[in-house]
Amino acid sequence: MSAPAVEVRNLVKRYGAATAVDGISLTVARGQLLALLGTNGAGKTTTIEICEGFRRADSGSVRVLGLDPSADARQLRPQVGVMLQDGVGGYTGAKALELLELFGSYAAHPLDARDLLAHVGLAEAASRPVKRLSGGQQQRLSLAMALIGRPALLFLDEPTAGMDPQARRTTWGLIRRLRADGVSVVLTTHYLDEAEELADNVIVLHEGQIVAEGSPAALVRSDAAGKIRFSAPSGLVIADLQLALPSGAQVSEPAPGNYLVAAPVTPELLAAVTAWCAAHGVLAEGLTVERRRLEDVFLTLTSSSG
Amino acid sequence: MTTFTPAPGAAGTGRMLAAQTRMEFKLLLRNGEQVGLTLVIPLLLEFFFNLPMLYSLDGRRIDFMVPSILALAVMSASFTGLAIGTGFERKYAVLKRLGATALPRQVLLLGKTCAVLILQVFQAALICGFGLILGWHPAGNPIWAGLLLIAGTLAFGGLGLLLAGTVRAEVTLAAANLIWLVLLFGGGIAIPLSRYPAAAADILRFLPSAALSDGLHQVLQHGGGFPARDLLTLLVWAGLALPAAARWFRWE
């Protein structure tokens, strides 16, 4: 029970001349949610499919719940729930409820299939053949199929791809509940807001390598490019303002009367700016704080080589 | 309120096999045109080959024809049909998803074979019933014939799954049809091995098609006793093919 949910060391996977995964190491503690973030081809799916036992690593070690995903597959599979990319998988000629019940029959203590179907918002579609479900509905059924065996660990490969905003919100709520109930989760996503909303930790992959990792808040905080803007009469002594601020802050006047403070945005920075203004009898109008979101961090990290 | 608190574990093998067989059988039936072909083609063949214009046979024509058609039907459904169906399931990643569950490969393959076996109970009943209408006089012990049909299904099912699990779906499609045709004419079903040179017949009789066809003819046409050699031949094929399929079957 003490082994981490997932432990990957120096993982390398090549497809011919191309290196899909180039020396990744990561750890997911029990009960944690890790989001693998990256553009297409970043190595997310390859990494997750090696953890699922579908592919073998060229080098490096992978332990899932303390087991080897290939050698110990028989022991590991009942403990892990999987949601593959691209639709449901499984028999598309089956009805939604039938397929979910079939997956339940593989497990020792399955959840109630009908209940679970209602949970993912598919109660109405229970007797519809899987191939007639919309893309978003198939994704939700696929999630239910991953959950029904009450796994200790879930691998969700782009769980909300193709869902409408409403369904995404519902799915996020469900994933939060899973985490609250003690399920460990690894998910891949293109959606920054998804990682920001759900993850304890985020790993940003780019061309098979980890280019950033940490909690969503830490990733944003570590990024230096925050901005405070305000308008005031032109001709303020900006060097004086800069002295009043934490070191590293850059003050400029891009246009007469428009001021820009570039620095990691913290409550202290904002207080220092307004305090300086008050001390100099300056009314800062239209003051705005721009803190970069994860999205900005992500775009910076993944466009560097391009 | 549902709790998602982990409680992982695999179900018992018996429960998985029952559920898998039920699902596979339902899906077989839902594939309407496939069922139609499986059930109707043998009956049509039974009817046409019973007409005394195609080729001459010793003895009563229908008494030869029913065991042949039974063997042909087993080979069609459990080898060709099962191989092609399973091959395309692999191609479309149906089985990849199952590979990520607690379902062991052996249980999946056995479930598929059992589903075909159930279908063949109906198929055999139709063929025999239609044969009786056409004037068939069955001889021998029907239990021996039943055992031969079961062993034949296991052998052909194992071979079909071995093929489907190891090569591309398109290759499976071509090979399953080609092998079917070769075994039909060269494997002792359409043409009795007694028409072949003795040396060739001695080898050909160990083909699963020949063992099944010969055993069924011995029992149902000639009223022979326990078909030990043919049954053993089929069981050896099944005993090789099913474990080989489970061993080498790739989910995707």
# chains A, B, ... in the order shown; residues from 1 in each chain; ligands from 1
$ residues_around --residues "Thr86 (chain B)" --least-positions-apart "2" --cutoff "9 Å" --atoms "only C-alpha atoms" --output "MDAnalysis selection string"
chainID B and resid 81:84 88:91 95 112 160:161 164:165 169
$ interface_residues --of "chain A" --to "chain B" --cutoff "7 Å" --atoms "only C-alpha atoms" --output "PDB file with C-alpha atoms, in the first residue's frame"
ATOM      1  CA  ARG A  77      -5.265  -4.611 -14.348  1.00  0.00           C
ATOM      2  CA  PRO A  78      -8.057  -5.186 -11.827  1.00  0.00           C
ATOM      3  CA  GLN A  79      -6.729  -2.270  -9.779  1.00  0.00           C
ATOM      4  CA  VAL A  82      -8.424   3.204 -18.043  1.00  0.00           C
ATOM      5  CA  GLY A  89     -13.374   1.103 -27.187  1.00  0.00           C
ATOM      6  CA  GLY A  90     -15.250  -2.074 -26.417  1.00  0.00           C
ATOM      7  CA  TYR A  91     -18.175  -3.421 -28.395  1.00  0.00           C
ATOM      8  CA  GLY A  93     -22.777  -2.910 -31.191  1.00  0.00           C
ATOM      9  CA  ALA A  94     -23.637  -3.271 -27.500  1.00  0.00           C
ATOM     10  CA  LEU A 102     -20.117  -6.266 -18.928  1.00  0.00           C
ATOM     11  CA  SER A 105     -18.877  -8.217 -14.396  1.00  0.00           C
ATOM     12  CA  TYR A 106     -15.070  -8.268 -14.628  1.00  0.00           C
ATOM     13  CA  ALA A 107     -14.749  -6.714 -11.162  1.00  0.00           C
ATOM     14  CA  ALA A 108     -15.097  -8.183  -7.684  1.00  0.00           C
ATOM     15  CA  HIS A 109     -16.988  -5.215  -6.176  1.00  0.00           C
ATOM     16  CA  GLY A 149     -14.547  -1.687 -11.085  1.00  0.00           C
ATOM     17  CA  ARG A 150     -13.744   0.766  -8.258  1.00  0.00           C
ATOM     18  CA  PRO A 151     -10.088   1.107  -9.214  1.00  0.00           C
ATOM     19  CA  ALA A 152      -7.389   2.531  -6.967  1.00  0.00           C
ATOM     20  CA  LEU A 178     -13.067  10.580  -7.248  1.00  0.00           C
ATOM     21  CA  ASP A 181     -12.782   9.501  -2.274  1.00  0.00           C
ATOM     22  CA  GLY A 182      -9.109   8.579  -2.483  1.00  0.00           C
ATOM     23  CA  VAL A 183      -8.675   7.513  -6.109  1.00  0.00           C
TER      24      VAL A 183
END
$ atom_distance --atom1 "CA of Ala262 (chain A)" --atom2 "CA of Asp296 (chain A)"
15.2 Å
$ closest_residue --among "B:Gly14, B:Pro142, B:Pro42, B:Gly36" --to "Leu220 (chain B)" --atoms "only C-alpha atoms"
B:Pro142
$ residues_around --residues "Glu285 (chain A)" --least-positions-apart "5" --cutoff "12 Å" --atoms "only C-alpha atoms" --output "short mmCIF file (atom, residue, chain, number, x, y, z; two decimals) with all heavy atoms, in the first residue's frame"
data_model
loop_
_atom_site.label_atom_id
_atom_site.label_comp_id
_atom_site.auth_asym_id
_atom_site.auth_seq_id
_atom_site.Cartn_x
_atom_site.Cartn_y
_atom_site.Cartn_z
N ILE A 228 1.21 45.32 -13.86
CA ILE A 228 0.22 46.24 -13.32
C ILE A 228 0.23 47.48 -14.22
O ILE A 228 1.30 48.03 -14.53
CB ILE A 228 0.56 46.64 -11.87
CG1 ILE A 228 0.45 45.41 -10.95
CG2 ILE A 228 -0.36 47.76 -11.38
CD1 ILE A 228 0.91 45.68 -9.53
N ARG A 229 -0.96 47.89 -14.65
CA ARG A 229 -1.04 49.10 -15.50
C ARG A 229 -1.91 50.13 -14.79
O ARG A 229 -2.89 49.76 -14.13
CB ARG A 229 -1.73 48.77 -16.83
CG ARG A 229 -0.96 47.87 -17.76
CD ARG A 229 -1.85 47.57 -18.98
NE ARG A 229 -1.33 46.43 -19.71
CZ ARG A 229 -0.35 46.54 -20.62
NH1 ARG A 229 0.20 47.72 -20.89
NH2 ARG A 229 0.08 45.46 -21.24
N PHE A 230 -1.59 51.38 -14.96
CA PHE A 230 -2.49 52.44 -14.51
C PHE A 230 -2.24 53.72 -15.31
O PHE A 230 -1.21 53.86 -15.96
CB PHE A 230 -2.37 52.69 -13.00
CG PHE A 230 -1.00 53.16 -12.55
CD1 PHE A 230 -0.72 54.51 -12.44
CD2 PHE A 230 -0.01 52.24 -12.22
CE1 PHE A 230 0.54 54.95 -12.02
CE2 PHE A 230 1.25 52.67 -11.81
CZ PHE A 230 1.53 54.02 -11.71
N SER A 231 -3.20 54.62 -15.23
CA SER A 231 -3.04 55.93 -15.88
C SER A 231 -2.95 56.99 -14.79
O SER A 231 -3.62 56.89 -13.75
CB SER A 231 -4.24 56.27 -16.76
OG SER A 231 -4.69 55.15 -17.44
N ALA A 232 -2.16 57.99 -15.06
CA ALA A 232 -1.99 59.12 -14.13
C ALA A 232 -1.40 60.25 -14.96
O ALA A 232 -1.03 60.04 -16.13
CB ALA A 232 -1.04 58.71 -13.00
N PRO A 233 -1.35 61.47 -14.42
CA PRO A 233 -0.73 62.56 -15.20
C PRO A 233 0.66 62.14 -15.69
O PRO A 233 1.38 61.45 -14.97
CB PRO A 233 -0.62 63.69 -14.18
CG PRO A 233 -1.68 63.41 -13.17
CD PRO A 233 -1.80 61.93 -13.10
N GLY A 257 1.43 59.30 -19.75
CA GLY A 257 0.34 59.13 -18.81
C GLY A 257 -0.09 57.67 -18.61
O GLY A 257 -0.93 57.38 -17.77
N ASN A 258 0.48 56.74 -19.37
CA ASN A 258 0.19 55.31 -19.17
C ASN A 258 1.41 54.65 -18.55
O ASN A 258 2.50 54.69 -19.12
CB ASN A 258 -0.13 54.61 -20.49
CG ASN A 258 -1.49 55.02 -21.02
OD1 ASN A 258 -2.39 55.34 -20.23
ND2 ASN A 258 -1.63 55.03 -22.33
N TYR A 259 1.21 54.04 -17.40
CA TYR A 259 2.35 53.46 -16.69
C TYR A 259 2.22 51.95 -16.63
O TYR A 259 1.11 51.41 -16.55
CB TYR A 259 2.45 54.06 -15.27
CG TYR A 259 2.73 55.53 -15.35
CD1 TYR A 259 1.68 56.44 -15.36
CD2 TYR A 259 4.04 56.00 -15.44
CE1 TYR A 259 1.93 57.79 -15.48
CE2 TYR A 259 4.30 57.36 -15.56
CZ TYR A 259 3.23 58.25 -15.58
OH TYR A 259 3.49 59.58 -15.71
N THR A 274 0.38 51.31 -4.90
CA THR A 274 -0.67 52.26 -4.49
C THR A 274 -0.16 53.15 -3.34
O THR A 274 -0.51 54.33 -3.26
CB THR A 274 -1.97 51.54 -4.08
OG1 THR A 274 -1.63 50.52 -3.13
CG2 THR A 274 -2.64 50.90 -5.28
N CYS A 277 1.84 55.92 -4.87
CA CYS A 277 0.92 56.88 -5.49
C CYS A 277 0.30 57.78 -4.42
O CYS A 277 0.24 59.01 -4.56
CB CYS A 277 -0.19 56.17 -6.26
SG CYS A 277 0.40 55.39 -7.76
#
$ closest_residue --among "A:Leu99, A:Arg74, A:Ser234, A:Leu154" --to "Leu283 (chain A)" --atoms "only C-alpha atoms"
A:Ser234
$ residues_around --residues "Leu143 (chain A)" --least-positions-apart "4" --cutoff "7 Å" --atoms "only C-alpha atoms" --output "ChimeraX atom specification"
/A:83,139,147
$ residues_around --residues "Gly38 (chain A)" --least-positions-apart "3" --cutoff "9 Å" --atoms "only C-alpha atoms" --output "PyMOL selection string"
chain A and resi 41-44+188-191+203-207+298+302
$ write_last_selection --atoms "C-alpha atoms" --output "CSV table (one decimal), in the first residue's frame"
chain,number,residue,atom,x,y,z
A,41,GLY,CA,3.0,14.7,-30.1
A,42,ALA,CA,4.4,15.9,-26.8
A,43,GLY,CA,4.5,12.3,-25.5
A,44,LYS,CA,1.5,12.3,-23.2
A,188,THR,CA,-3.7,14.0,-20.0
A,189,THR,CA,-5.2,17.1,-21.5
A,190,HIS,CA,-4.8,20.0,-23.9
A,191,TYR,CA,-7.0,22.1,-21.8
A,203,ILE,CA,3.7,18.3,-15.7
A,204,VAL,CA,4.2,20.2,-19.0
A,205,LEU,CA,5.6,17.9,-21.7
A,206,HIS,CA,7.2,19.3,-24.8
A,207,GLU,CA,8.8,17.1,-27.5
A,298,PHE,CA,2.2,26.9,-21.2
A,302,THR,CA,5.9,25.0,-25.6
$ select_by_dssp --residues "region 43-212 of chain A" --states "alpha helix (DSSP H)" --output "PyMOL selection string"
chain A and resi 44-52+73-76+96-105+113-119+135-147+165-180+192-198
$ residues_around --residues "Thr92 (chain A)" --least-positions-apart "3" --cutoff "9 Å" --atoms "only C-alpha atoms" --output "ChimeraX atom specification"
/A:88-89,95-96,99,129-132 /B:94
$ atom_distance --atom1 "CA of Ala245 (chain B)" --atom2 "CA of Cys114 (chain B)"
15.0 Å
